[in-house]
file upload-v8.pdb (PDB, C-alpha atoms)
ATOM      1  CA  MET K   1     -17.682  -8.132 -21.496
ATOM      2  CA  LYS K   2     -17.180  -4.406 -21.201
ATOM      3  CA  LEU K   3     -18.272  -2.894 -17.909
ATOM      4  CA  ASN K   4     -17.077   0.668 -18.190
ATOM      5  CA  GLY K   5     -20.377   2.115 -19.333
ATOM      6  CA  PRO K   6     -22.466   4.456 -17.207
ATOM      7  CA  ILE K   7     -24.840   2.924 -14.706
ATOM      8  CA  SER K   8     -27.368   5.558 -13.775
ATOM      9  CA  HIS K   9     -27.053   8.179 -16.509
ATOM     10  CA  SER K  10     -26.295   8.434 -20.210
ATOM     11  CA  TYR K  11     -23.489  10.588 -21.536
ATOM     12  CA  LEU K  12     -22.339  11.804 -24.910
ATOM     13  CA  ASP K  13     -19.906   9.677 -26.860
ATOM     14  CA  ASP K  14     -16.381  11.027 -26.831
ATOM     15  CA  GLY K  15     -16.068  11.467 -30.582
ATOM     16  CA  LYS K  16     -14.037  13.828 -32.701
ATOM     17  CA  GLU K  17     -17.101  15.170 -34.496
ATOM     18  CA  GLU K  18     -18.786  16.046 -31.200
ATOM     19  CA  GLU K  19     -15.720  17.908 -29.915
ATOM     20  CA  GLU K  20     -15.490  19.927 -33.110
ATOM     21  CA  THR K  21     -19.198  20.836 -32.871
ATOM     22  CA  GLN K  22     -18.817  21.911 -29.269
ATOM     23  CA  ALA K  23     -15.771  23.984 -30.110
ATOM     24  CA  LYS K  24     -17.678  25.871 -32.809
ATOM     25  CA  GLU K  25     -20.642  26.479 -30.507
ATOM     26  CA  VAL K  26     -18.828  27.778 -27.469
ATOM     27  CA  SER K  27     -15.275  28.687 -28.423
ATOM     28  CA  SER K  28     -16.205  32.365 -28.451
ATOM     29  CA  ALA K  29     -18.354  32.187 -25.307
ATOM     30  CA  ALA K  30     -17.235  34.014 -22.197
ATOM     31  CA  VAL K  31     -16.083  31.983 -19.216
ATOM     32  CA  ARG K  32     -19.106  31.166 -17.056
ATOM     33  CA  VAL K  33     -17.486  29.093 -14.320
ATOM     34  CA  VAL K  34     -14.110  29.709 -12.675
ATOM     35  CA  VAL K  35     -12.709  26.752 -10.744
ATOM     36  CA  GLY K  36      -9.808  27.443  -8.417
ATOM     37  CA  TYR K  37      -7.887  24.252  -7.752
ATOM     38  CA  ALA K  38      -5.411  23.201  -5.076
ATOM     39  CA  LEU K  39      -4.088  19.754  -5.952
ATOM     40  CA  THR K  40      -0.892  17.799  -5.521
ATOM     41  CA  SER K  41       1.376  17.649  -8.575
ATOM     42  CA  LYS K  42       0.467  13.983  -9.051
ATOM     43  CA  LYS K  43      -3.258  14.730  -8.954
ATOM     44  CA  LYS K  44      -2.882  17.654 -11.369
ATOM     45  CA  LYS K  45      -1.071  15.436 -13.865
ATOM     46  CA  SER K  46      -3.644  12.633 -13.728
ATOM     47  CA  PHE K  47      -6.761  14.826 -13.589
ATOM     48  CA  LEU K  48      -6.091  18.057 -15.477
ATOM     49  CA  LYS K  49      -5.238  16.433 -18.778
ATOM     50  CA  PRO K  50      -5.056  18.600 -21.929
ATOM     51  CA  LYS K  51      -8.142  16.970 -23.436
ATOM     52  CA  PHE K  52     -10.123  17.677 -20.270
ATOM     53  CA  ILE K  53      -8.945  21.289 -20.086
ATOM     54  CA  ARG K  54      -9.896  21.868 -23.733
ATOM     55  CA  LEU K  55     -13.374  20.442 -23.275
ATOM     56  CA  ALA K  56     -13.891  22.460 -20.091
ATOM     57  CA  ARG K  57     -12.833  25.671 -21.821
ATOM     58  CA  ASN K  58     -15.188  24.973 -24.709
ATOM     59  CA  LYS K  59     -18.009  24.604 -22.198
ATOM     60  CA  GLY K  60     -17.115  27.852 -20.466
ATOM     61  CA  ILE K  61     -15.158  26.444 -17.529
ATOM     62  CA  GLU K  62     -11.733  27.774 -16.602
ATOM     63  CA  PHE K  63      -9.387  26.021 -14.151
ATOM     64  CA  VAL K  64      -7.165  28.443 -12.239
ATOM     65  CA  PRO K  65      -4.356  27.240  -9.935
ATOM     66  CA  ILE K  66      -4.501  28.499  -6.348
ATOM     67  CA  ASP K  67      -1.198  29.973  -5.179
ATOM     68  CA  LEU K  68      -0.564  28.414  -1.765
ATOM     69  CA  LYS K  69       2.037  31.085  -0.981
ATOM     70  CA  ARG K  70      -0.565  33.856  -1.130
ATOM     71  CA  PRO K  71      -3.680  34.399   1.003
ATOM     72  CA  LEU K  72      -6.676  32.763  -0.624
ATOM     73  CA  SER K  73      -8.697  35.921   0.069
ATOM     74  CA  GLU K  74      -6.475  37.799  -2.407
ATOM     75  CA  GLN K  75      -7.224  35.364  -5.220
ATOM     76  CA  GLY K  76     -10.242  34.705  -7.380
ATOM     77  CA  PRO K  77     -13.077  35.397  -7.640
ATOM     78  CA  PHE K  78     -14.004  31.725  -7.843
ATOM     79  CA  ASP K  79     -17.292  29.953  -8.458
ATOM     80  CA  VAL K  80     -15.855  26.642  -7.273
ATOM     81  CA  ILE K  81     -12.849  25.585  -5.211
ATOM     82  CA  LEU K  82     -11.640  22.086  -6.016
ATOM     83  CA  HIS K  83      -9.051  20.734  -3.631
ATOM     84  CA  LYS K  84      -7.303  17.663  -2.326
ATOM     85  CA  LEU K  85      -4.680  18.767   0.161
ATOM     86  CA  ALA K  86      -4.224  17.378   3.659
ATOM     87  CA  GLY K  87      -3.404  19.264   6.831
ATOM     88  CA  LYS K  88      -5.145  21.343   9.493
ATOM     89  CA  ASP K  89      -3.703  24.611   8.171
ATOM     90  CA  TRP K  90      -5.182  24.117   4.717
ATOM     91  CA  SER K  91      -8.522  23.019   6.164
ATOM     92  CA  GLN K  92      -8.656  26.207   8.214
ATOM     93  CA  VAL K  93      -7.885  28.292   5.127
ATOM     94  CA  ILE K  94     -10.903  26.752   3.376
ATOM     95  CA  VAL K  95     -13.169  27.195   6.397
ATOM     96  CA  ASP K  96     -12.169  30.858   6.788
ATOM     97  CA  TYR K  97     -12.635  31.560   3.076
ATOM     98  CA  LYS K  98     -16.053  29.905   3.001
ATOM     99  CA  ARG K  99     -17.150  31.996   5.964
ATOM    100  CA  VAL K 100     -16.403  35.199   4.050
ATOM    101  CA  HIS K 101     -17.551  33.844   0.659
ATOM    102  CA  PRO K 102     -20.552  31.595   1.345
ATOM    103  CA  GLU K 103     -21.547  31.750  -2.318
ATOM    104  CA  VAL K 104     -18.442  29.795  -3.397
ATOM    105  CA  ILE K 105     -18.906  26.039  -3.806
ATOM    106  CA  VAL K 106     -16.194  24.007  -2.060
ATOM    107  CA  LEU K 107     -15.538  20.486  -3.340
ATOM    108  CA  ASP K 108     -15.634  19.141  -0.755
ATOM    109  CA  PRO K 109     -15.881  20.503   2.830
ATOM    110  CA  PRO K 110     -12.740  19.637   4.844
ATOM    111  CA  ASP K 111     -14.720  18.272   7.794
ATOM    112  CA  ALA K 112     -16.576  15.901   5.449
ATOM    113  CA  ILE K 113     -13.349  14.699   3.858
ATOM    114  CA  GLN K 114     -11.959  14.027   7.321
ATOM    115  CA  HIS K 115     -14.295  11.034   7.708
ATOM    116  CA  LEU K 116     -12.332   9.262   4.981
ATOM    117  CA  ARG K 117      -8.936   9.944   6.570
ATOM    118  CA  ASN K 118      -9.532   7.109   9.033
ATOM    119  CA  ARG K 119     -10.204   3.624   7.712
ATOM    120  CA  GLN K 120     -12.063   2.583  10.844
ATOM    121  CA  SER K 121     -14.609   5.414  10.799
ATOM    122  CA  MET K 122     -14.795   5.195   7.008
ATOM    123  CA  LEU K 123     -16.293   1.724   6.999
ATOM    124  CA  GLU K 124     -18.323   2.218  10.164
ATOM    125  CA  VAL K 125     -20.428   4.671   8.168
ATOM    126  CA  VAL K 126     -21.285   1.823   5.785
ATOM    127  CA  ALA K 127     -22.017  -0.566   8.650
ATOM    128  CA  ASP K 128     -24.508   1.937  10.088
ATOM    129  CA  LEU K 129     -26.522   2.137   6.877
ATOM    130  CA  GLU K 130     -29.859   0.350   6.846
ATOM    131  CA  LEU K 131     -30.154  -0.469   3.167
ATOM    132  CA  PRO K 132     -32.977  -2.529   1.669
ATOM    133  CA  ASP K 133     -31.755  -5.935   0.521
ATOM    134  CA  HIS K 134     -33.946  -6.240  -2.581
ATOM    135  CA  TYR K 135     -30.880  -6.247  -4.834
ATOM    136  CA  GLY K 136     -28.281  -7.678  -2.469
ATOM    137  CA  LYS K 137     -26.781  -7.306   0.969
ATOM    138  CA  VAL K 138     -24.019  -4.756   1.628
ATOM    139  CA  CYS K 139     -21.552  -5.535   4.427
ATOM    140  CA  ILE K 140     -18.076  -4.598   5.584
ATOM    141  CA  PRO K 141     -15.332  -7.079   6.531
ATOM    142  CA  ARG K 142     -14.825  -7.773  10.212
ATOM    143  CA  GLN K 143     -12.026  -5.486  11.296
ATOM    144  CA  LEU K 144      -9.803  -4.594  14.219
ATOM    145  CA  VAL K 145      -7.761  -1.448  14.882
ATOM    146  CA  ILE K 146      -4.289  -1.789  16.402
ATOM    147  CA  PRO K 147      -3.445   1.751  17.598
ATOM    148  CA  LYS K 148       0.020   1.254  19.102
ATOM    149  CA  ASP K 149       1.708  -1.850  20.481
ATOM    150  CA  PRO K 150       2.291  -4.386  17.648
ATOM    151  CA  THR K 151       3.357  -7.061  20.141
ATOM    152  CA  SER K 152      -0.245  -7.204  21.387
ATOM    153  CA  ILE K 153      -1.574  -8.161  17.957
ATOM    154  CA  PRO K 154      -1.730 -11.971  18.394
ATOM    155  CA  ASP K 155      -3.732 -11.614  21.606
ATOM    156  CA  GLU K 156      -5.980  -8.886  20.204
ATOM    157  CA  VAL K 157      -6.720 -10.882  17.051
ATOM    158  CA  ALA K 158      -7.507 -14.005  19.067
ATOM    159  CA  LYS K 159      -9.733 -12.025  21.434
ATOM    160  CA  ALA K 160     -11.637 -10.487  18.521
ATOM    161  CA  GLY K 161     -12.038 -13.887  16.860
ATOM    162  CA  LEU K 162     -10.634 -12.753  13.517
ATOM    163  CA  ARG K 163      -9.564 -15.472  11.131
ATOM    164  CA  VAL K 164      -6.530 -15.431   8.860
ATOM    165  CA  PRO K 165      -5.694 -14.395   6.261
ATOM    166  CA  LEU K 166      -5.945 -10.756   7.283
ATOM    167  CA  VAL K 167      -5.644  -7.706   5.058
ATOM    168  CA  VAL K 168      -3.443  -5.071   6.712
ATOM    169  CA  LYS K 169      -3.870  -1.367   5.914
ATOM    170  CA  PRO K 170      -2.547   1.823   7.538
ATOM    171  CA  LEU K 171      -5.223   3.370   9.757
ATOM    172  CA  VAL K 172      -4.686   6.911   8.483
ATOM    173  CA  VAL K 173      -5.227   7.885   4.844
ATOM    174  CA  ASP K 174      -3.227  11.043   4.134
ATOM    175  CA  GLY K 175      -2.737  10.778   0.376
ATOM    176  CA  SER K 176       0.820   9.473   0.629
ATOM    177  CA  ALA K 177       1.943   6.291  -1.102
ATOM    178  CA  LYS K 178       2.599   4.750   2.299
ATOM    179  CA  SER K 179      -1.010   5.221   3.384
ATOM    180  CA  HIS K 180      -2.068   2.981   0.482
ATOM    181  CA  GLU K 181       0.299   0.121   1.303
ATOM    182  CA  LEU K 182      -1.453  -3.209   1.483
ATOM    183  CA  PHE K 183      -0.317  -6.425   3.156
ATOM    184  CA  LEU K 184      -1.793  -9.899   3.485
ATOM    185  CA  ALA K 185      -0.980 -11.801   6.677
ATOM    186  CA  TYR K 186      -1.276 -15.577   6.826
ATOM    187  CA  ASP K 187      -0.613 -15.800  10.569
ATOM    188  CA  HIS K 188      -1.110 -13.625  13.663
ATOM    189  CA  PHE K 189       2.462 -13.514  14.848
ATOM    190  CA  SER K 190       4.089 -12.029  11.735
ATOM    191  CA  LEU K 191       1.877  -8.951  12.111
ATOM    192  CA  SER K 192       4.115  -7.677  14.902
ATOM    193  CA  GLU K 193       6.700  -6.824  12.206
ATOM    194  CA  LEU K 194       4.483  -4.075  10.765
ATOM    195  CA  GLU K 195       4.033  -0.442  11.753
ATOM    196  CA  THR K 196       1.107   0.813  13.793
ATOM    197  CA  PRO K 197      -1.502   2.257  13.769
ATOM    198  CA  MET K 198      -3.090  -0.264  11.430
ATOM    199  CA  VAL K 199      -6.422  -1.798  10.525
ATOM    200  CA  LEU K 200      -6.782  -5.561  10.201
ATOM    201  CA  GLN K 201      -9.623  -6.822   8.016
ATOM    202  CA  GLU K 202     -10.684 -10.397   7.469
ATOM    203  CA  PHE K 203      -9.942 -11.332   3.878
ATOM    204  CA  VAL K 204     -13.041 -12.196   1.858
ATOM    205  CA  ASN K 205     -12.555 -14.436  -1.174
ATOM    206  CA  HIS K 206     -14.014 -12.551  -4.154
ATOM    207  CA  GLY K 207     -12.758 -14.219  -7.300
ATOM    208  CA  GLY K 208      -9.879 -11.790  -7.645
ATOM    209  CA  VAL K 209     -12.133  -9.008  -8.996
ATOM    210  CA  LEU K 210     -12.800  -5.595  -7.496
ATOM    211  CA  PHE K 211     -15.440  -3.084  -8.604
ATOM    212  CA  LYS K 212     -14.442   0.559  -8.387
ATOM    213  CA  VAL K 213     -17.614   2.621  -8.161
ATOM    214  CA  PHE K 214     -16.900   6.243  -9.121
ATOM    215  CA  ILE K 215     -19.329   8.924  -7.935
ATOM    216  CA  VAL K 216     -19.422  12.438  -9.372
ATOM    217  CA  GLY K 217     -22.443  14.174  -7.903
ATOM    218  CA  GLU K 218     -25.355  11.985  -8.959
ATOM    219  CA  SER K 219     -23.455  10.183 -11.704
ATOM    220  CA  ILE K 220     -22.127   6.673 -11.157
ATOM    221  CA  LYS K 221     -19.676   4.632 -13.192
ATOM    222  CA  VAL K 222     -18.301   1.183 -12.464
ATOM    223  CA  VAL K 223     -14.866  -0.007 -13.557
ATOM    224  CA  ARG K 224     -13.733  -3.569 -13.024
ATOM    225  CA  ARG K 225     -10.226  -4.227 -11.694
ATOM    226  CA  PHE K 226      -8.209  -7.313 -10.885
ATOM    227  CA  SER K 227      -7.669  -7.724  -7.159
ATOM    228  CA  LEU K 228      -5.988 -10.101  -4.737
ATOM    229  CA  PRO K 229      -6.510 -13.781  -5.634
ATOM    230  CA  ASP K 230      -8.605 -16.063  -3.470
ATOM    231  CA  VAL K 231      -6.925 -17.896  -0.595
ATOM    232  CA  THR K 232      -7.664 -21.601  -0.147
ATOM    233  CA  ASN K 233      -7.473 -23.732   2.985
ATOM    234  CA  CYS K 234      -4.516 -25.466   1.371
ATOM    235  CA  ASP K 235      -2.750 -22.101   1.068
ATOM    236  CA  LEU K 236      -3.243 -21.498   4.786
ATOM    237  CA  THR K 237      -1.534 -24.759   5.682
ATOM    238  CA  LYS K 238       1.472 -24.064   3.452
ATOM    239  CA  ILE K 239       2.037 -20.314   3.715
ATOM    240  CA  SER K 240       2.987 -18.139   6.673
ATOM    241  CA  GLY K 241       4.238 -14.598   7.106
ATOM    242  CA  VAL K 242       3.174 -11.197   5.806
ATOM    243  CA  PHE K 243       3.300 -10.275   2.129
ATOM    244  CA  ARG K 244       3.206  -6.815   0.617
ATOM    245  CA  PHE K 245       1.015  -6.272  -2.411
ATOM    246  CA  PRO K 246       1.103  -3.483  -4.987
ATOM    247  CA  ARG K 247      -1.914  -1.206  -5.262
ATOM    248  CA  VAL K 248      -4.555  -3.476  -6.731
ATOM    249  CA  SER K 249      -6.733  -0.719  -8.207
ATOM    250  CA  SER K 250      -4.236   0.664 -10.716
ATOM    251  CA  ALA K 251      -5.246   1.145 -14.321
ATOM    252  CA  ALA K 252      -2.776  -1.564 -15.344
ATOM    253  CA  ALA K 253      -4.925  -4.047 -13.425
ATOM    254  CA  SER K 254      -7.994  -3.337 -15.573
ATOM    255  CA  ALA K 255     -10.249  -6.340 -16.077
ATOM    256  CA  ASP K 256     -12.908  -4.605 -18.172
ATOM    257  CA  ASN K 257     -12.146  -6.373 -21.434
ATOM    258  CA  VAL K 258     -11.224  -9.772 -20.009
ATOM    259  CA  ASP K 259     -13.503 -12.761 -20.534
ATOM    260  CA  LEU K 260     -14.321 -13.934 -17.001
ATOM    261  CA  ASP K 261     -16.944 -16.140 -15.408
ATOM    262  CA  PRO K 262     -20.144 -14.024 -15.278
ATOM    263  CA  SER K 263     -20.670 -14.988 -11.628
ATOM    264  CA  ILE K 264     -17.424 -13.135 -10.871
ATOM    265  CA  ALA K 265     -17.439 -10.438 -13.547
ATOM    266  CA  GLU K 266     -21.003  -9.145 -13.260
ATOM    267  CA  PRO K 267     -21.025  -5.805 -11.390
ATOM    268  CA  PRO K 268     -23.428  -5.109  -8.530
ATOM    269  CA  PRO K 269     -26.957  -4.184  -9.695
ATOM    270  CA  PRO K 270     -27.350  -0.485 -10.603
ATOM    271  CA  PRO K 271     -30.251   0.073  -8.136
ATOM    272  CA  LEU K 272     -28.086  -1.225  -5.295
ATOM    273  CA  LEU K 273     -25.209   1.089  -6.193
ATOM    274  CA  GLU K 274     -27.537   4.060  -6.630
ATOM    275  CA  VAL K 275     -28.969   3.606  -3.133
ATOM    276  CA  LEU K 276     -25.529   3.005  -1.618
ATOM    277  CA  ALA K 277     -24.022   6.075  -3.316
ATOM    278  CA  ARG K 278     -26.968   8.276  -2.356
ATOM    279  CA  GLU K 279     -26.902   7.205   1.294
ATOM    280  CA  LEU K 280     -23.141   7.691   1.569
ATOM    281  CA  HIS K 281     -23.461  11.121  -0.036
ATOM    282  CA  HIS K 282     -25.986  12.135   2.633
ATOM    283  CA  ARG K 283     -24.017  10.595   5.505
ATOM    284  CA  LEU K 284     -20.608  11.858   4.433
ATOM    285  CA  GLY K 285     -21.583  15.140   2.807
ATOM    286  CA  LEU K 286     -19.313  14.398  -0.163
ATOM    287  CA  ARG K 287     -19.935  14.766  -3.889
ATOM    288  CA  LEU K 288     -16.649  13.327  -5.178
ATOM    289  CA  PHE K 289     -15.662   9.855  -4.007
ATOM    290  CA  ASN K 290     -15.377   6.233  -4.999
ATOM    291  CA  ILE K 291     -16.354   2.997  -3.310
ATOM    292  CA  ASP K 292     -14.364  -0.226  -3.657
ATOM    293  CA  VAL K 293     -16.816  -3.137  -3.690
ATOM    294  CA  ILE K 294     -16.265  -6.893  -3.877
ATOM    295  CA  ARG K 295     -18.717  -9.802  -4.156
ATOM    296  CA  LYS K 296     -18.143 -12.730  -1.822
ATOM    297  CA  ASN K 297     -17.133 -15.666  -3.995
ATOM    298  CA  GLY K 298     -19.772 -18.357  -4.227
ATOM    299  CA  THR K 299     -22.630 -15.923  -3.573
ATOM    300  CA  LYS K 300     -24.842 -14.043  -5.974
ATOM    301  CA  ASP K 301     -25.699 -10.974  -3.926
ATOM    302  CA  MET K 302     -23.378 -10.641  -0.912
ATOM    303  CA  TYR K 303     -21.258  -7.505  -1.344
ATOM    304  CA  TYR K 304     -18.551  -5.974   0.822
ATOM    305  CA  VAL K 305     -17.384  -2.374   0.831
ATOM    306  CA  ILE K 306     -13.657  -2.496   1.567
ATOM    307  CA  ASP K 307     -12.571   1.116   0.968
ATOM    308  CA  ILE K 308     -13.877   4.614   0.234
ATOM    309  CA  ASN K 309     -11.688   7.321  -1.281
ATOM    310  CA  TYR K 310     -12.195  11.059  -1.644
ATOM    311  CA  PHE K 311     -11.519  12.592  -5.080
ATOM    312  CA  PRO K 312     -10.176   9.336  -6.552
ATOM    313  CA  GLY K 313      -8.288   8.886  -9.810
ATOM    314  CA  TYR K 314     -11.007  10.129 -12.119
ATOM    315  CA  GLY K 315      -8.523  10.152 -14.977
ATOM    316  CA  LYS K 316      -8.953   6.350 -15.033
ATOM    317  CA  MET K 317     -12.735   6.636 -15.286
ATOM    318  CA  PRO K 318     -14.094   6.354 -18.839
ATOM    319  CA  GLU K 319     -15.684   9.576 -20.141
ATOM    320  CA  TYR K 320     -14.709  11.492 -17.034
ATOM    321  CA  GLU K 321     -14.144  14.656 -19.084
ATOM    322  CA  HIS K 322     -17.816  14.965 -20.037
ATOM    323  CA  ILE K 323     -19.143  13.720 -16.722
ATOM    324  CA  PHE K 324     -17.079  16.124 -14.649
ATOM    325  CA  THR K 325     -17.653  19.218 -16.782
ATOM    326  CA  ASP K 326     -21.415  18.595 -16.877
ATOM    327  CA  PHE K 327     -21.354  18.104 -13.121
ATOM    328  CA  LEU K 328     -19.635  21.465 -12.557
ATOM    329  CA  LEU K 329     -22.022  23.334 -14.831
ATOM    330  CA  ASN K 330     -25.118  21.775 -13.263
ATOM    331  CA  LEU K 331     -23.770  22.354  -9.768
ATOM    332  CA  VAL K 332     -23.123  26.064 -10.314
ATOM    333  CA  GLN K 333     -26.457  26.497 -12.068
ATOM    334  CA  SER K 334     -28.287  24.839  -9.147
ATOM    335  CA  GLU K 335     -26.494  27.027  -6.607
ATOM    336  CA  HIS K 336     -27.342  30.177  -8.541
ATOM    337  CA  LYS K 337     -31.017  29.214  -8.561
ATOM    338  CA  LYS K 338     -30.923  28.863  -4.786
TER     339      LYS K 338
END
call {"tool": "encode", "arguments": {"input": "upload-v8.pdb", "output": "structure tokens"}}
result
Amino acid sequence: MKLNGPISHSYLDDGKEEEETQAKEVSSAAVRVVVGYALTSKKKKSFLKPKFIRLARNKGIEFVPIDLKRPLSEQGPFDVILHKLAGKDWSQVIVDYKRVHPEVIVLDPPDAIQHLRNRQSMLEVVADLELPDHYGKVCIPRQLVIPKDPTSIPDEVAKAGLRVPLVVKPLVVDGSAKSHELFLAYDHFSLSELETPMVLQEFVNHGGVLFKVFIVGESIKVVRRFSLPDVTNCDLTKISGVFRFPRVSSAAASADNVDLDPSIAEPPPPPLLEVLARELHHRLGLRLFNIDVIRKNGTKDMYYVIDINYFPGYGKMPEYEHIFTDFLLNLVQSEHKK
């Protein structure tokens, strides 16, 4: 069962004949859209792939690196600024530039991205949504923030009534590998060995399958990934301690072409994801993000949002080259009409 097709829109097939046709049509066209980008070296490698750059150029889009050693005001002109850098200094640079050049599209505003730097506030946005439940119920796991003293964890967990096992994540998401570390705790007391600040989330059995919902503007794509396996009551009686897990959403963990039980493998209904993505776009003010969704095992329509990421690994999203270039062209065209 292949689940990497588009959900809400149709896109061109990524065929050789199509690329050759496009090249003939627009190879001589002048550049229409200039995108200045400020990305980490890792993000540049995974996102700005040669195939993507070629397609963008054929469509009249040029990607130009922003020199962080020079004032942004001395560079450009840009139609779009695409960035994923952390830090107050960089955020201020963007804010100042946008004030002088309001016509430039910034993907995305630093203050909007900031909401996703904190895992507590990130999921609280989802909890505050009042979504219709025609196609399923969207929840978040019960969670608890431990800001400082790890020795207080057993008491805090007991007071909050959280049940083990608990998923442990760093509170702050800053793009570093450490901020994506994931642990599973089978008892309260072992948690004191970990670094604060942290977020503790009740683990929800979900058949070991995670749905990564990629959003690019109004386009949505779902990719299925293997996740943490379910935990049984027997496991809880035999296992104790805290265990570190690798990043479960890596491309190597793809479950798109694996024959699984349909009750586990079937992605959330498209109408549900469309409403969820639209509401989060309005609440967060973001155009580029992904939502990690799981279905509670044993249920048909109980879904949990467990993470939201800004400017995720689109290089792992099927057909991202066409989706992203079309998005940029439509975005600039819409802004020009305004």
call {"tool": "closest_residue", "arguments": {"input": "upload-v8.pdb", "among": "K:Glu103, K:Asp326, K:Asp174, K:Asp133", "to": "K:His115", "atoms": "all atoms listed in the file"}}
result
K:Asp174
call {"tool": "resolve_selection", "arguments": {"input": "upload-v8.pdb", "expression": "the PyMOL selection byres ((chain K and resi 44) around 12)", "output": "VMD selection string"}}
result
chain K and resid 37 to 43 45 to 50 52 to 53 63 to 65 82 to 85 311 313 to 315
call {"tool": "residues_near_point", "arguments": {"input": "upload-v8.pdb", "point": "(-16.8, -13.3, -10.8)", "cutoff": "12 Å", "atoms": "all atoms listed in the file", "output": "short mmCIF file (atom, residue, chain, number, x, y, z; two decimals) with C-alpha atoms, in the frame of the given file"}}
result
data_model
loop_
_atom_site.label_atom_id
_atom_site.label_comp_id
_atom_site.auth_asym_id
_atom_site.auth_seq_id
_atom_site.Cartn_x
_atom_site.Cartn_y
_atom_site.Cartn_z
CA MET K 1 -17.68 -8.13 -21.50
CA ASN K 205 -12.56 -14.44 -1.17
CA HIS K 206 -14.01 -12.55 -4.15
CA GLY K 207 -12.76 -14.22 -7.30
CA GLY K 208 -9.88 -11.79 -7.64
CA VAL K 209 -12.13 -9.01 -9.00
CA LEU K 210 -12.80 -5.60 -7.50
CA PHE K 211 -15.44 -3.08 -8.60
CA ARG K 224 -13.73 -3.57 -13.02
CA ARG K 225 -10.23 -4.23 -11.69
CA PHE K 226 -8.21 -7.31 -10.88
CA SER K 227 -7.67 -7.72 -7.16
CA PRO K 229 -6.51 -13.78 -5.63
CA ASP K 230 -8.60 -16.06 -3.47
CA ALA K 255 -10.25 -6.34 -16.08
CA VAL K 258 -11.22 -9.77 -20.01
CA ASP K 259 -13.50 -12.76 -20.53
CA LEU K 260 -14.32 -13.93 -17.00
CA ASP K 261 -16.94 -16.14 -15.41
CA PRO K 262 -20.14 -14.02 -15.28
CA SER K 263 -20.67 -14.99 -11.63
CA ILE K 264 -17.42 -13.14 -10.87
CA ALA K 265 -17.44 -10.44 -13.55
CA GLU K 266 -21.00 -9.14 -13.26
CA PRO K 267 -21.02 -5.80 -11.39
CA PRO K 268 -23.43 -5.11 -8.53
CA ILE K 294 -16.26 -6.89 -3.88
CA ARG K 295 -18.72 -9.80 -4.16
CA LYS K 296 -18.14 -12.73 -1.82
CA ASN K 297 -17.13 -15.67 -4.00
CA GLY K 298 -19.77 -18.36 -4.23
CA THR K 299 -22.63 -15.92 -3.57
CA LYS K 300 -24.84 -14.04 -5.97
CA ASP K 301 -25.70 -10.97 -3.93
CA TYR K 303 -21.26 -7.50 -1.34
#
call {"tool": "atom_distance", "arguments": {"input": "upload-v8.pdb", "atom1": "atom CA of K:Tyr186", "atom2": "atom CA of K:Glu124"}}
result
24.9 Å
call {"tool": "atom_distance", "arguments": {"input": "upload-v8.pdb", "atom1": "atom CA of K:Lys169", "atom2": "atom CA of K:Tyr135"}}
result
29.5 Å
call {"tool": "resolve_selection", "arguments": {"input": "upload-v8.pdb", "expression": "the PyMOL selection byres ((chain K and resi 142) around 7)", "output": "number ranges by chain"}}
result
K: 140-141, 143, 201-202
call {"tool": "write_last_selection", "arguments": {"input": "upload-v8.pdb", "atoms": "C-alpha atoms", "output": "PDB file, keeping the file's coordinate frame"}}
result
ATOM      1  CA  ILE K 140     -18.076  -4.598   5.584  1.00  0.00           C
ATOM      2  CA  PRO K 141     -15.332  -7.079   6.531  1.00  0.00           C
ATOM      3  CA  GLN K 143     -12.026  -5.486  11.296  1.00  0.00           C
ATOM      4  CA  GLN K 201      -9.623  -6.822   8.016  1.00  0.00           C
ATOM      5  CA  GLU K 202     -10.684 -10.397   7.469  1.00  0.00           C
TER       6      GLU K 202
END
call {"tool": "closest_residue", "arguments": {"input": "upload-v8.pdb", "among": "K:Pro110, K:Val126, K:Glu335, K:Met302", "to": "K:His281", "atoms": "all atoms listed in the file"}}
result
K:Val126
call {"tool": "closest_residue", "arguments": {"input": "upload-v8.pdb", "among": "K:Leu171, K:Ile306, K:Val275, K:Ala160", "to": "K:Gly136", "atoms": "all atoms listed in the file"}}
result
K:Val275
call {"tool": "closest_residue", "arguments": {"input": "upload-v8.pdb", "among": "K:Ala158, K:Ala127, K:Val332, K:Leu184", "to": "K:Cys139", "atoms": "all atoms listed in the file"}}
result
K:Ala127
call {"tool": "axis_aligned_box", "arguments": {"input": "upload-v8.pdb", "around": "stretch 63-70 of chain K", "padding_each_side": "5 Å", "output": "AutoDock Vina command-line options"}}
result
--center_x -3.7 --center_y 29.9 --center_z -7.6 --size_x 21.4 --size_y 17.8 --size_z 23.2
call {"tool": "residues_around", "arguments": {"input": "upload-v8.pdb", "residues": "K:Met317", "least_positions_apart": "2", "cutoff": "10 Å", "atoms": "all atoms listed in the file", "output": "VMD selection string"}}
result
chain K and resid 4 to 5 212 to 214 221 to 223 251 312 to 315 319 to 321 323
call {"tool": "closest_residue", "arguments": {"input": "upload-v8.pdb", "among": "K:Arg119, K:Lys137, K:Lys98, K:Arg278", "to": "K:Ile220", "atoms": "all atoms listed in the file"}}
result
K:Arg278
